[in-house]
Amino acid sequence: MKFLAAVFSLVVASATAFAPVQMSTRTAVAPVQMASAAEEYYIDGERRLIMNLIVVGASALTIGALGVPYIAFFFPPGAGGGSGGVPAKDALGNDIVAKDYLASKPAGDRSLAQGLKGDATYLIVKDDKTLEKYGLNAVCTHLGCVVPWSAANNKFVCPCHGSQYAPNGSVVRGPAPLPLALAHSDIDEESGKILFSTWTEDDFRTGEKGWWN
């Protein structure tokens, strides 16, 4: 019996000697955990990048919405527009047809219409009852008030600070520093409508390039 017990103990000891070590299992688990952590970090990095892009985009839109009007404030109102011409519109927003308009206005009339960029612009009826080739932007070049036409005084008189302009829009009295902006005023042959377009030539009143260009 003692011999059998000794043999059994020897077998058990041999089996135990060849059993897998628990440390190897722990060593195998560690790389898996590290890989999982790295994957989570990679996913978080992508999310962080997306969030940063959203924040930057929202900030850019906000700055643009606030900055553009602020910058535009420092430039005199212009008479810009498309090269193809923009239909002149009346107070109700209807396109102005030259034939009907000229029939309803006296010679020498200067009446407001909606012009380029929506600016109030004077249409001028010449003494022969034809349409003048240019319109005058009604926005004062001093501080941006709309300048009314005074038929009694035969000039434009600004009610805000007293600036005065001749019938062609040139400065008669300050504080306005510049003449009223010009715009081409033409009649479309097909539709008969009055069209405004940007005046890109030299200002015939000063002989220089128009300040609005």
# chains A, B, ... in the order shown; residues from 1 in each chain; ligands from 1
>>> residues_around(residues="Ile187 in chain A", least_positions_apart="5", cutoff="9 Å", atoms="only C-alpha atoms", output="PyMOL selection string")
chain A and resi 97-98+131+192-196
>>> write_last_selection(atoms="N, CA, C and O atoms", output="PDB file, in the first residue's frame")
ATOM      1  N   VAL A  97     -43.247 100.181 -66.686  1.00  0.00           N
ATOM      2  CA  VAL A  97     -43.233 100.180 -68.150  1.00  0.00           C
ATOM      3  C   VAL A  97     -43.023 101.615 -68.615  1.00  0.00           C
ATOM      4  O   VAL A  97     -43.748 102.532 -68.206  1.00  0.00           O
ATOM      5  N   ALA A  98     -42.022 101.815 -69.456  1.00  0.00           N
ATOM      6  CA  ALA A  98     -41.609 103.162 -69.839  1.00  0.00           C
ATOM      7  C   ALA A  98     -42.735 103.969 -70.480  1.00  0.00           C
ATOM      8  O   ALA A  98     -42.940 105.142 -70.142  1.00  0.00           O
ATOM      9  N   LEU A 131     -36.925 109.530 -71.480  1.00  0.00           N
ATOM     10  CA  LEU A 131     -36.267 109.122 -70.246  1.00  0.00           C
ATOM     11  C   LEU A 131     -34.781 109.440 -70.305  1.00  0.00           C
ATOM     12  O   LEU A 131     -34.103 109.142 -71.298  1.00  0.00           O
ATOM     13  N   GLY A 192     -40.380  96.680 -72.966  1.00  0.00           N
ATOM     14  CA  GLY A 192     -40.749  98.071 -72.761  1.00  0.00           C
ATOM     15  C   GLY A 192     -40.541  98.544 -71.334  1.00  0.00           C
ATOM     16  O   GLY A 192     -40.890  99.683 -70.992  1.00  0.00           O
ATOM     17  N   LYS A 193     -39.929  97.701 -70.501  1.00  0.00           N
ATOM     18  CA  LYS A 193     -39.706  98.060 -69.096  1.00  0.00           C
ATOM     19  C   LYS A 193     -38.437  98.903 -68.942  1.00  0.00           C
ATOM     20  O   LYS A 193     -37.508  98.808 -69.743  1.00  0.00           O
ATOM     21  N   ILE A 194     -38.433  99.702 -67.897  1.00  0.00           N
ATOM     22  CA  ILE A 194     -37.245 100.483 -67.567  1.00  0.00           C
ATOM     23  C   ILE A 194     -36.290  99.615 -66.765  1.00  0.00           C
ATOM     24  O   ILE A 194     -36.692  98.982 -65.787  1.00  0.00           O
ATOM     25  N   LEU A 195     -35.030  99.595 -67.178  1.00  0.00           N
ATOM     26  CA  LEU A 195     -34.030  98.769 -66.517  1.00  0.00           C
ATOM     27  C   LEU A 195     -32.911  99.640 -65.954  1.00  0.00           C
ATOM     28  O   LEU A 195     -32.443 100.571 -66.613  1.00  0.00           O
ATOM     29  N   PHE A 196     -32.495  99.323 -64.734  1.00  0.00           N
ATOM     30  CA  PHE A 196     -31.317  99.944 -64.134  1.00  0.00           C
ATOM     31  C   PHE A 196     -30.142  98.993 -64.280  1.00  0.00           C
ATOM     32  O   PHE A 196     -30.290  97.768 -64.131  1.00  0.00           O
TER      33      PHE A 196
END
>>> residues_around(residues="Lys89 in chain A", least_positions_apart="5", cutoff="12 Å", atoms="only C-alpha atoms", output="number ranges by chain")
A: 94-98, 101, 111-123, 193-196
>>> atom_distance(atom1="CA of Gly207 in chain A", atom2="CA of Pro159 in chain A")
28.1 Å
>>> closest_residue(among="A:Ala152, A:Val139, A:Ala107, A:Ala91", to="Leu182 in chain A", atoms="only C-alpha atoms")
A:Val139
>>> select_by_dssp(residues="range 44-205 of chain A", states="strand (DSSP E or B)", output="CSV table (one decimal) with all heavy atoms, in the first residue's frame")
chain,number,residue,atom,x,y,z
A,86,VAL,N,-31.6,95.5,-64.0
A,86,VAL,CA,-32.7,95.2,-63.0
A,86,VAL,C,-33.9,96.1,-63.3
A,86,VAL,O,-33.8,97.3,-63.4
A,86,VAL,CB,-32.1,95.5,-61.6
A,86,VAL,CG1,-33.2,95.2,-60.6
A,86,VAL,CG2,-30.9,94.6,-61.3
A,87,PRO,N,-35.1,95.5,-63.4
A,87,PRO,CA,-36.3,96.3,-63.7
A,87,PRO,C,-36.5,97.3,-62.6
A,87,PRO,O,-36.5,97.0,-61.4
A,87,PRO,CB,-37.4,95.2,-63.8
A,87,PRO,CG,-36.7,93.9,-64.1
A,87,PRO,CD,-35.4,94.0,-63.4
A,89,LYS,N,-38.9,99.4,-60.2
A,89,LYS,CA,-40.2,99.0,-59.7
A,89,LYS,C,-40.8,100.2,-59.0
A,89,LYS,O,-40.1,101.1,-58.4
A,89,LYS,CB,-40.0,97.8,-58.7
A,89,LYS,CG,-39.5,96.6,-59.3
A,89,LYS,CD,-39.4,95.4,-58.3
A,89,LYS,CE,-38.9,94.1,-58.9
A,89,LYS,NZ,-39.8,93.6,-59.9
A,95,ASP,N,-43.1,96.1,-61.9
A,95,ASP,CA,-42.1,96.6,-62.9
A,95,ASP,C,-42.7,97.9,-63.6
A,95,ASP,O,-43.9,97.9,-63.9
A,95,ASP,CB,-41.8,95.5,-63.9
A,95,ASP,CG,-41.1,94.4,-63.3
A,95,ASP,OD1,-40.6,94.5,-62.1
A,95,ASP,OD2,-41.0,93.3,-63.9
A,97,VAL,N,-43.2,100.2,-66.7
A,97,VAL,CA,-43.2,100.2,-68.1
A,97,VAL,C,-43.0,101.6,-68.6
A,97,VAL,O,-43.7,102.5,-68.2
A,97,VAL,CB,-44.5,99.6,-68.7
A,97,VAL,CG1,-44.5,99.6,-70.2
A,97,VAL,CG2,-44.7,98.2,-68.2
A,110,ARG,N,-38.8,114.2,-61.5
A,110,ARG,CA,-37.8,113.3,-60.9
A,110,ARG,C,-38.6,112.6,-59.8
A,110,ARG,O,-38.8,113.1,-58.7
A,110,ARG,CB,-36.6,114.1,-60.3
A,110,ARG,CG,-35.6,114.5,-61.4
A,110,ARG,CD,-34.7,115.6,-60.9
A,110,ARG,NE,-33.7,115.9,-61.9
A,110,ARG,CZ,-33.9,116.6,-63.0
A,110,ARG,NH1,-35.1,117.1,-63.3
A,110,ARG,NH2,-32.8,116.9,-63.8
A,111,SER,N,-38.9,111.3,-60.1
A,111,SER,CA,-39.7,110.5,-59.1
A,111,SER,C,-38.9,109.3,-58.7
A,111,SER,O,-38.1,108.7,-59.5
A,111,SER,CB,-41.0,110.1,-59.7
A,111,SER,OG,-41.8,111.2,-59.9
A,112,LEU,N,-39.1,108.8,-57.5
A,112,LEU,CA,-38.4,107.6,-57.0
A,112,LEU,C,-38.9,106.3,-57.5
A,112,LEU,O,-40.1,106.1,-57.7
A,112,LEU,CB,-38.5,107.6,-55.5
A,112,LEU,CG,-37.6,108.7,-54.7
A,112,LEU,CD1,-37.9,108.7,-53.2
A,112,LEU,CD2,-36.1,108.4,-55.0
A,113,ALA,N,-38.0,105.4,-57.7
A,113,ALA,CA,-38.3,104.0,-58.1
A,113,ALA,C,-37.4,103.1,-57.3
A,113,ALA,O,-36.4,103.6,-56.7
A,113,ALA,CB,-38.1,103.8,-59.6
A,114,GLN,N,-37.7,101.9,-57.2
A,114,GLN,CA,-36.8,100.9,-56.6
A,114,GLN,C,-35.7,100.5,-57.6
A,114,GLN,O,-36.0,100.0,-58.6
A,114,GLN,CB,-37.5,99.7,-56.1
A,114,GLN,CG,-36.7,98.7,-55.4
A,114,GLN,CD,-37.5,97.5,-54.8
A,114,GLN,OE1,-38.5,97.7,-54.2
A,114,GLN,NE2,-37.0,96.3,-55.1
A,120,ALA,N,-33.5,103.4,-53.3
A,120,ALA,CA,-34.4,104.4,-53.9
A,120,ALA,C,-33.5,105.1,-54.9
A,120,ALA,O,-32.5,105.6,-54.7
A,120,ALA,CB,-34.9,105.3,-52.8
A,121,THR,N,-34.1,105.2,-56.2
A,121,THR,CA,-33.4,105.8,-57.3
A,121,THR,C,-34.3,106.6,-58.1
A,121,THR,O,-35.4,106.2,-58.4
A,121,THR,CB,-32.8,104.7,-58.2
A,121,THR,OG1,-31.9,103.8,-57.4
A,121,THR,CG2,-31.9,105.3,-59.3
A,122,TYR,N,-33.8,107.8,-58.4
A,122,TYR,CA,-34.7,108.8,-59.2
A,122,TYR,C,-34.6,108.5,-60.7
A,122,TYR,O,-33.5,108.3,-61.3
A,122,TYR,CB,-34.2,110.2,-59.0
A,122,TYR,CG,-34.6,110.8,-57.7
A,122,TYR,CD1,-33.8,110.9,-56.6
A,122,TYR,CD2,-35.9,111.3,-57.5
A,122,TYR,CE1,-34.2,111.4,-55.4
A,122,TYR,CE2,-36.4,111.8,-56.3
A,122,TYR,CZ,-35.5,111.9,-55.2
A,122,TYR,OH,-35.9,112.4,-54.1
A,123,LEU,N,-35.8,108.4,-61.3
A,123,LEU,CA,-36.0,108.3,-62.7
A,123,LEU,C,-36.2,109.8,-63.2
A,123,LEU,O,-37.0,110.5,-62.6
A,123,LEU,CB,-37.1,107.5,-63.1
A,123,LEU,CG,-37.0,106.0,-63.0
A,123,LEU,CD1,-38.3,105.3,-63.2
A,123,LEU,CD2,-35.9,105.4,-63.9
A,124,ILE,N,-35.5,110.2,-64.2
A,124,ILE,CA,-35.5,111.6,-64.7
A,124,ILE,C,-36.2,111.7,-66.1
A,124,ILE,O,-35.8,111.0,-67.0
A,124,ILE,CB,-34.1,112.2,-64.8
A,124,ILE,CG1,-33.4,112.1,-63.4
A,124,ILE,CG2,-34.1,113.6,-65.3
A,124,ILE,CD1,-32.0,112.5,-63.4
A,125,VAL,N,-37.2,112.5,-66.2
A,125,VAL,CA,-37.9,112.7,-67.4
A,125,VAL,C,-37.3,114.0,-68.0
A,125,VAL,O,-37.4,115.1,-67.4
A,125,VAL,CB,-39.4,112.9,-67.2
A,125,VAL,CG1,-40.1,113.1,-68.6
A,125,VAL,CG2,-40.0,111.6,-66.6
A,131,LEU,N,-36.9,109.5,-71.5
A,131,LEU,CA,-36.3,109.1,-70.2
A,131,LEU,C,-34.8,109.4,-70.3
A,131,LEU,O,-34.1,109.1,-71.3
A,131,LEU,CB,-36.5,107.6,-70.0
A,131,LEU,CG,-36.0,107.0,-68.7
A,131,LEU,CD1,-36.8,107.6,-67.5
A,131,LEU,CD2,-36.0,105.5,-68.7
A,134,TYR,N,-29.6,108.2,-67.4
A,134,TYR,CA,-29.1,107.8,-66.1
A,134,TYR,C,-30.1,108.1,-65.0
A,134,TYR,O,-31.0,108.9,-65.1
A,134,TYR,CB,-27.8,108.6,-65.7
A,134,TYR,CG,-28.0,110.1,-65.6
A,134,TYR,CD1,-28.4,110.7,-64.4
A,134,TYR,CD2,-27.8,110.9,-66.7
A,134,TYR,CE1,-28.5,112.1,-64.3
A,134,TYR,CE2,-28.0,112.3,-66.6
A,134,TYR,CZ,-28.3,112.9,-65.4
A,134,TYR,OH,-28.5,114.2,-65.3
A,135,GLY,N,-30.0,107.3,-63.9
A,135,GLY,CA,-30.8,107.5,-62.8
A,135,GLY,C,-29.9,107.9,-61.6
A,135,GLY,O,-28.7,107.7,-61.7
A,136,LEU,N,-30.5,108.5,-60.6
A,136,LEU,CA,-29.7,109.0,-59.5
A,136,LEU,C,-30.1,108.3,-58.2
A,136,LEU,O,-31.3,108.3,-57.8
A,136,LEU,CB,-29.9,110.5,-59.3
A,136,LEU,CG,-29.4,111.5,-60.4
A,136,LEU,CD1,-29.9,112.9,-60.1
A,136,LEU,CD2,-27.9,111.4,-60.4
A,137,ASN,N,-29.1,107.7,-57.6
A,137,ASN,CA,-29.3,107.0,-56.3
A,137,ASN,C,-29.7,108.1,-55.3
A,137,ASN,O,-29.0,109.1,-55.1
A,137,ASN,CB,-28.1,106.3,-55.8
A,137,ASN,CG,-28.3,105.4,-54.6
A,137,ASN,OD1,-28.8,105.8,-53.6
A,137,ASN,ND2,-27.9,104.1,-54.7
A,139,VAL,N,-29.8,108.1,-52.0
A,139,VAL,CA,-29.1,108.0,-50.7
A,139,VAL,C,-28.0,109.1,-50.6
A,139,VAL,O,-27.1,109.1,-51.4
A,139,VAL,CB,-28.6,106.6,-50.5
A,139,VAL,CG1,-27.9,106.5,-49.1
A,139,VAL,CG2,-29.7,105.6,-50.6
A,146,VAL,N,-32.3,109.5,-47.2
A,146,VAL,CA,-32.9,109.6,-48.6
A,146,VAL,C,-33.2,111.1,-48.9
A,146,VAL,O,-33.9,111.8,-48.1
A,146,VAL,CB,-34.2,108.8,-48.7
A,146,VAL,CG1,-34.9,109.0,-50.0
A,146,VAL,CG2,-33.9,107.3,-48.5
A,149,TRP,N,-36.5,115.4,-53.8
A,149,TRP,CA,-36.3,116.4,-54.9
A,149,TRP,C,-37.2,117.6,-54.6
A,149,TRP,O,-38.4,117.4,-54.3
A,149,TRP,CB,-36.7,115.8,-56.2
A,149,TRP,CG,-36.9,116.8,-57.3
A,149,TRP,CD1,-38.0,117.1,-57.9
A,149,TRP,CD2,-35.8,117.6,-58.0
A,149,TRP,NE1,-37.8,118.0,-58.9
A,149,TRP,CE2,-36.5,118.3,-59.0
A,149,TRP,CE3,-34.5,117.7,-57.8
A,149,TRP,CZ2,-35.8,119.2,-59.8
A,149,TRP,CZ3,-33.8,118.6,-58.6
A,149,TRP,CH2,-34.4,119.3,-59.6
A,150,SER,N,-36.7,118.8,-54.6
A,150,SER,CA,-37.4,120.0,-54.4
A,150,SER,C,-37.6,120.7,-55.7
A,150,SER,O,-36.7,121.4,-56.2
A,150,SER,CB,-36.7,120.9,-53.4
A,150,SER,OG,-37.4,122.2,-53.3
A,155,LYS,N,-33.5,121.5,-57.0
A,155,LYS,CA,-32.4,120.8,-56.5
A,155,LYS,C,-32.8,119.7,-55.5
A,155,LYS,O,-34.0,119.8,-55.0
A,155,LYS,CB,-31.3,121.7,-56.0
A,155,LYS,CG,-31.8,122.6,-54.9
A,155,LYS,CD,-30.7,123.6,-54.5
A,155,LYS,CE,-31.2,124.6,-53.5
A,155,LYS,NZ,-30.2,125.7,-53.1
A,156,PHE,N,-31.9,118.8,-55.2
A,156,PHE,CA,-32.2,117.9,-54.1
A,156,PHE,C,-31.7,118.5,-52.8
A,156,PHE,O,-30.6,119.0,-52.7
A,156,PHE,CB,-31.4,116.6,-54.4
A,156,PHE,CG,-31.9,115.9,-55.7
A,156,PHE,CD1,-31.1,116.0,-56.9
A,156,PHE,CD2,-33.0,115.0,-55.7
A,156,PHE,CE1,-31.5,115.4,-58.0
A,156,PHE,CE2,-33.3,114.4,-56.9
A,156,PHE,CZ,-32.6,114.6,-58.0
A,157,VAL,N,-32.5,118.4,-51.8
A,157,VAL,CA,-32.2,119.0,-50.5
A,157,VAL,C,-32.4,117.9,-49.4
A,157,VAL,O,-33.5,117.4,-49.2
A,157,VAL,CB,-33.1,120.2,-50.1
A,157,VAL,CG1,-32.6,120.8,-48.8
A,157,VAL,CG2,-33.0,121.2,-51.2
A,164,GLN,N,-27.0,119.7,-50.3
A,164,GLN,CA,-27.8,120.0,-51.5
A,164,GLN,C,-27.1,119.5,-52.7
A,164,GLN,O,-25.9,119.5,-52.8
A,164,GLN,CB,-28.0,121.5,-51.6
A,164,GLN,CG,-28.8,122.1,-50.4
A,164,GLN,CD,-29.1,123.6,-50.6
A,164,GLN,OE1,-28.8,124.2,-51.6
A,164,GLN,NE2,-29.6,124.2,-49.5
A,165,TYR,N,-27.9,119.0,-53.7
A,165,TYR,CA,-27.4,118.5,-54.9
A,165,TYR,C,-28.1,119.1,-56.1
A,165,TYR,O,-29.3,119.4,-56.0
A,165,TYR,CB,-27.6,117.0,-55.0
A,165,TYR,CG,-27.0,116.2,-53.8
A,165,TYR,CD1,-27.7,116.0,-52.6
A,165,TYR,CD2,-25.8,115.6,-53.9
A,165,TYR,CE1,-27.2,115.3,-51.6
A,165,TYR,CE2,-25.2,114.8,-52.9
A,165,TYR,CZ,-25.9,114.7,-51.7
A,165,TYR,OH,-25.4,114.0,-50.7
A,171,VAL,N,-22.8,117.8,-56.0
A,171,VAL,CA,-22.9,118.5,-54.8
A,171,VAL,C,-22.9,120.0,-55.0
A,171,VAL,O,-22.0,120.5,-55.7
A,171,VAL,CB,-21.7,118.1,-53.8
A,171,VAL,CG1,-21.8,118.9,-52.5
A,171,VAL,CG2,-21.7,116.6,-53.5
A,172,VAL,N,-23.9,120.6,-54.4
A,172,VAL,CA,-24.0,122.1,-54.4
A,172,VAL,C,-23.5,122.6,-53.1
A,172,VAL,O,-22.9,123.6,-53.0
A,172,VAL,CB,-25.4,122.5,-54.7
A,172,VAL,CG1,-25.6,124.0,-54.6
A,172,VAL,CG2,-25.9,122.1,-56.1
A,173,ARG,N,-23.9,121.9,-52.0
A,173,ARG,CA,-23.5,122.4,-50.7
A,173,ARG,C,-23.4,121.2,-49.8
A,173,ARG,O,-24.2,120.2,-49.9
A,173,ARG,CB,-24.6,123.3,-50.1
A,173,ARG,CG,-24.1,124.0,-48.8
A,173,ARG,CD,-25.2,125.0,-48.3
A,173,ARG,NE,-26.2,124.3,-47.6
A,173,ARG,CZ,-27.3,124.9,-47.0
A,173,ARG,NH1,-27.5,126.2,-47.1
A,173,ARG,NH2,-28.2,124.1,-46.4
A,182,LEU,N,-24.6,107.2,-59.7
A,182,LEU,CA,-25.3,107.1,-61.0
A,182,LEU,C,-25.6,105.6,-61.2
A,182,LEU,O,-25.0,104.7,-60.8
A,182,LEU,CB,-24.4,107.6,-62.1
A,182,LEU,CG,-24.0,109.1,-62.1
A,182,LEU,CD1,-22.9,109.4,-63.2
A,182,LEU,CD2,-25.3,109.9,-62.4
A,183,ALA,N,-26.7,105.5,-62.0
A,183,ALA,CA,-27.0,104.1,-62.6
A,183,ALA,C,-27.6,104.3,-64.0
A,183,ALA,O,-28.2,105.3,-64.3
A,183,ALA,CB,-28.0,103.5,-61.7
A,184,HIS,N,-27.2,103.4,-64.9
A,184,HIS,CA,-27.8,103.5,-66.2
A,184,HIS,C,-29.3,103.3,-66.1
A,184,HIS,O,-29.8,102.4,-65.4
A,184,HIS,CB,-27.2,102.4,-67.1
A,184,HIS,CG,-25.8,102.8,-67.6
A,184,HIS,ND1,-25.5,103.8,-68.5
A,184,HIS,CD2,-24.6,102.3,-67.2
A,184,HIS,CE1,-24.2,103.9,-68.7
A,184,HIS,NE2,-23.6,103.0,-67.9
A,185,SER,N,-30.0,104.0,-66.9
A,185,SER,CA,-31.5,103.9,-67.0
A,185,SER,C,-31.8,103.7,-68.5
A,185,SER,O,-31.8,104.6,-69.3
A,185,SER,CB,-32.1,105.1,-66.4
A,185,SER,OG,-33.5,105.1,-66.6
A,186,ASP,N,-32.2,102.5,-68.8
A,186,ASP,CA,-32.5,102.2,-70.2
A,186,ASP,C,-33.9,101.5,-70.3
A,186,ASP,O,-34.5,101.0,-69.4
A,186,ASP,CB,-31.5,101.2,-70.8
A,186,ASP,CG,-30.1,101.8,-70.7
A,186,ASP,OD1,-29.9,102.9,-71.3
A,186,ASP,OD2,-29.2,101.2,-70.0
A,187,ILE,N,-34.4,101.5,-71.6
A,187,ILE,CA,-35.7,100.9,-71.9
A,187,ILE,C,-35.5,99.6,-72.6
A,187,ILE,O,-34.8,99.6,-73.7
A,187,ILE,CB,-36.6,101.8,-72.7
A,187,ILE,CG1,-36.9,103.1,-71.9
A,187,ILE,CG2,-37.9,101.1,-73.0
A,187,ILE,CD1,-37.6,104.2,-72.7
A,193,LYS,N,-39.9,97.7,-70.5
A,193,LYS,CA,-39.7,98.1,-69.1
A,193,LYS,C,-38.4,98.9,-68.9
A,193,LYS,O,-37.5,98.8,-69.7
A,193,LYS,CB,-39.6,96.8,-68.2
A,193,LYS,CG,-40.8,95.9,-68.2
A,193,LYS,CD,-40.6,94.7,-67.4
A,193,LYS,CE,-41.9,93.8,-67.4
A,193,LYS,NZ,-41.7,92.6,-66.6
A,194,ILE,N,-38.4,99.7,-67.9
A,194,ILE,CA,-37.2,100.5,-67.6
A,194,ILE,C,-36.3,99.6,-66.8
A,194,ILE,O,-36.7,99.0,-65.8
A,194,ILE,CB,-37.6,101.7,-66.8
A,194,ILE,CG1,-38.5,102.6,-67.6
A,194,ILE,CG2,-36.4,102.5,-66.3
A,194,ILE,CD1,-39.0,103.9,-66.9
A,195,LEU,N,-35.0,99.6,-67.2
A,195,LEU,CA,-34.0,98.8,-66.5
A,195,LEU,C,-32.9,99.6,-66.0
A,195,LEU,O,-32.4,100.6,-66.6
A,195,LEU,CB,-33.4,97.8,-67.5
A,195,LEU,CG,-34.4,96.8,-68.2
A,195,LEU,CD1,-33.6,95.9,-69.1
A,195,LEU,CD2,-35.1,95.9,-67.2
A,196,PHE,N,-32.5,99.3,-64.7
A,196,PHE,CA,-31.3,99.9,-64.1
A,196,PHE,C,-30.1,99.0,-64.3
A,196,PHE,O,-30.3,97.8,-64.1
A,196,PHE,CB,-31.5,100.2,-62.6
A,196,PHE,CG,-32.4,101.4,-62.4
A,196,PHE,CD1,-33.6,101.2,-61.6
A,196,PHE,CD2,-32.1,102.7,-62.8
A,196,PHE,CE1,-34.4,102.3,-61.3
A,196,PHE,CE2,-33.0,103.7,-62.5
A,196,PHE,CZ,-34.1,103.5,-61.8
A,197,SER,N,-29.0,99.5,-64.5
A,197,SER,CA,-27.7,98.7,-64.6
A,197,SER,C,-26.6,99.6,-64.0
A,197,SER,O,-26.7,100.8,-64.0
A,197,SER,CB,-27.4,98.2,-66.0
A,197,SER,OG,-27.3,99.3,-66.9
A,198,THR,N,-25.5,98.9,-63.6
A,198,THR,CA,-24.4,99.6,-62.9
A,198,THR,C,-23.7,100.6,-63.9
A,198,THR,O,-23.4,100.2,-65.0
A,198,THR,CB,-23.4,98.5,-62.4
A,198,THR,OG1,-24.1,97.6,-61.6
A,198,THR,CG2,-22.3,99.2,-61.6
A,202,ASP,N,-16.6,106.5,-66.3
A,202,ASP,CA,-16.3,107.7,-65.5
A,202,ASP,C,-17.5,108.5,-65.2
A,202,ASP,O,-18.5,108.5,-66.0
A,202,ASP,CB,-15.2,108.5,-66.2
A,202,ASP,CG,-13.9,107.9,-66.2
A,202,ASP,OD1,-13.6,106.9,-65.5
A,202,ASP,OD2,-13.0,108.3,-67.0
A,203,ASP,N,-17.5,109.2,-64.0
A,203,ASP,CA,-18.6,110.1,-63.7
A,203,ASP,C,-18.5,111.3,-64.5
A,203,ASP,O,-17.5,112.1,-64.4
A,203,ASP,CB,-18.4,110.4,-62.2
A,203,ASP,CG,-19.6,111.2,-61.6
A,203,ASP,OD1,-20.3,111.8,-62.5
A,203,ASP,OD2,-19.8,111.2,-60.4
>>> decode(residues="range 120-135 of chain A", atoms="N, CA and C atoms", output="compact mmCIF listing (two decimals), in the first residue's frame")
# COMPACT_ATOMS: atom_id res chain seq x y z
N ALA A 120 -33.47 103.37 -53.27
CA ALA A 120 -34.35 104.35 -53.89
C ALA A 120 -33.55 105.10 -54.94
N THR A 121 -34.08 105.16 -56.17
CA THR A 121 -33.36 105.77 -57.29
C THR A 121 -34.31 106.65 -58.09
N TYR A 122 -33.84 107.84 -58.43
CA TYR A 122 -34.66 108.77 -59.20
C TYR A 122 -34.62 108.46 -60.69
N LEU A 123 -35.82 108.37 -61.28
CA LEU A 123 -35.96 108.34 -62.73
C LEU A 123 -36.17 109.78 -63.18
N ILE A 124 -35.48 110.19 -64.24
CA ILE A 124 -35.53 111.58 -64.69
C ILE A 124 -36.20 111.66 -66.06
N VAL A 125 -37.22 112.50 -66.15
CA VAL A 125 -37.90 112.74 -67.42
C VAL A 125 -37.34 114.04 -68.00
N LYS A 126 -36.79 113.95 -69.20
CA LYS A 126 -36.19 115.13 -69.84
C LYS A 126 -37.27 116.07 -70.36
N ASP A 127 -36.83 117.24 -70.83
CA ASP A 127 -37.76 118.25 -71.31
C ASP A 127 -38.55 117.79 -72.53
N ASP A 128 -37.99 116.87 -73.31
CA ASP A 128 -38.70 116.37 -74.49
C ASP A 128 -39.56 115.15 -74.17
N LYS A 129 -39.75 114.90 -72.86
CA LYS A 129 -40.61 113.80 -72.37
C LYS A 129 -40.02 112.42 -72.67
N THR A 130 -38.73 112.35 -72.82
CA THR A 130 -38.07 111.06 -72.94
C THR A 130 -37.32 110.77 -71.64
N LEU A 131 -36.92 109.53 -71.48
CA LEU A 131 -36.27 109.12 -70.25
C LEU A 131 -34.78 109.44 -70.30
N GLU A 132 -34.28 110.06 -69.24
CA GLU A 132 -32.84 110.33 -69.13
C GLU A 132 -32.08 109.01 -69.08
N LYS A 133 -30.85 109.03 -69.63
CA LYS A 133 -30.06 107.81 -69.72
C LYS A 133 -29.43 107.40 -68.40
N TYR A 134 -29.60 108.19 -67.38
CA TYR A 134 -29.06 107.82 -66.08
C TYR A 134 -30.11 108.07 -65.00
N GLY A 135 -30.01 107.29 -63.94
CA GLY A 135 -30.83 107.51 -62.75
C GLY A 135 -29.92 107.93 -61.62
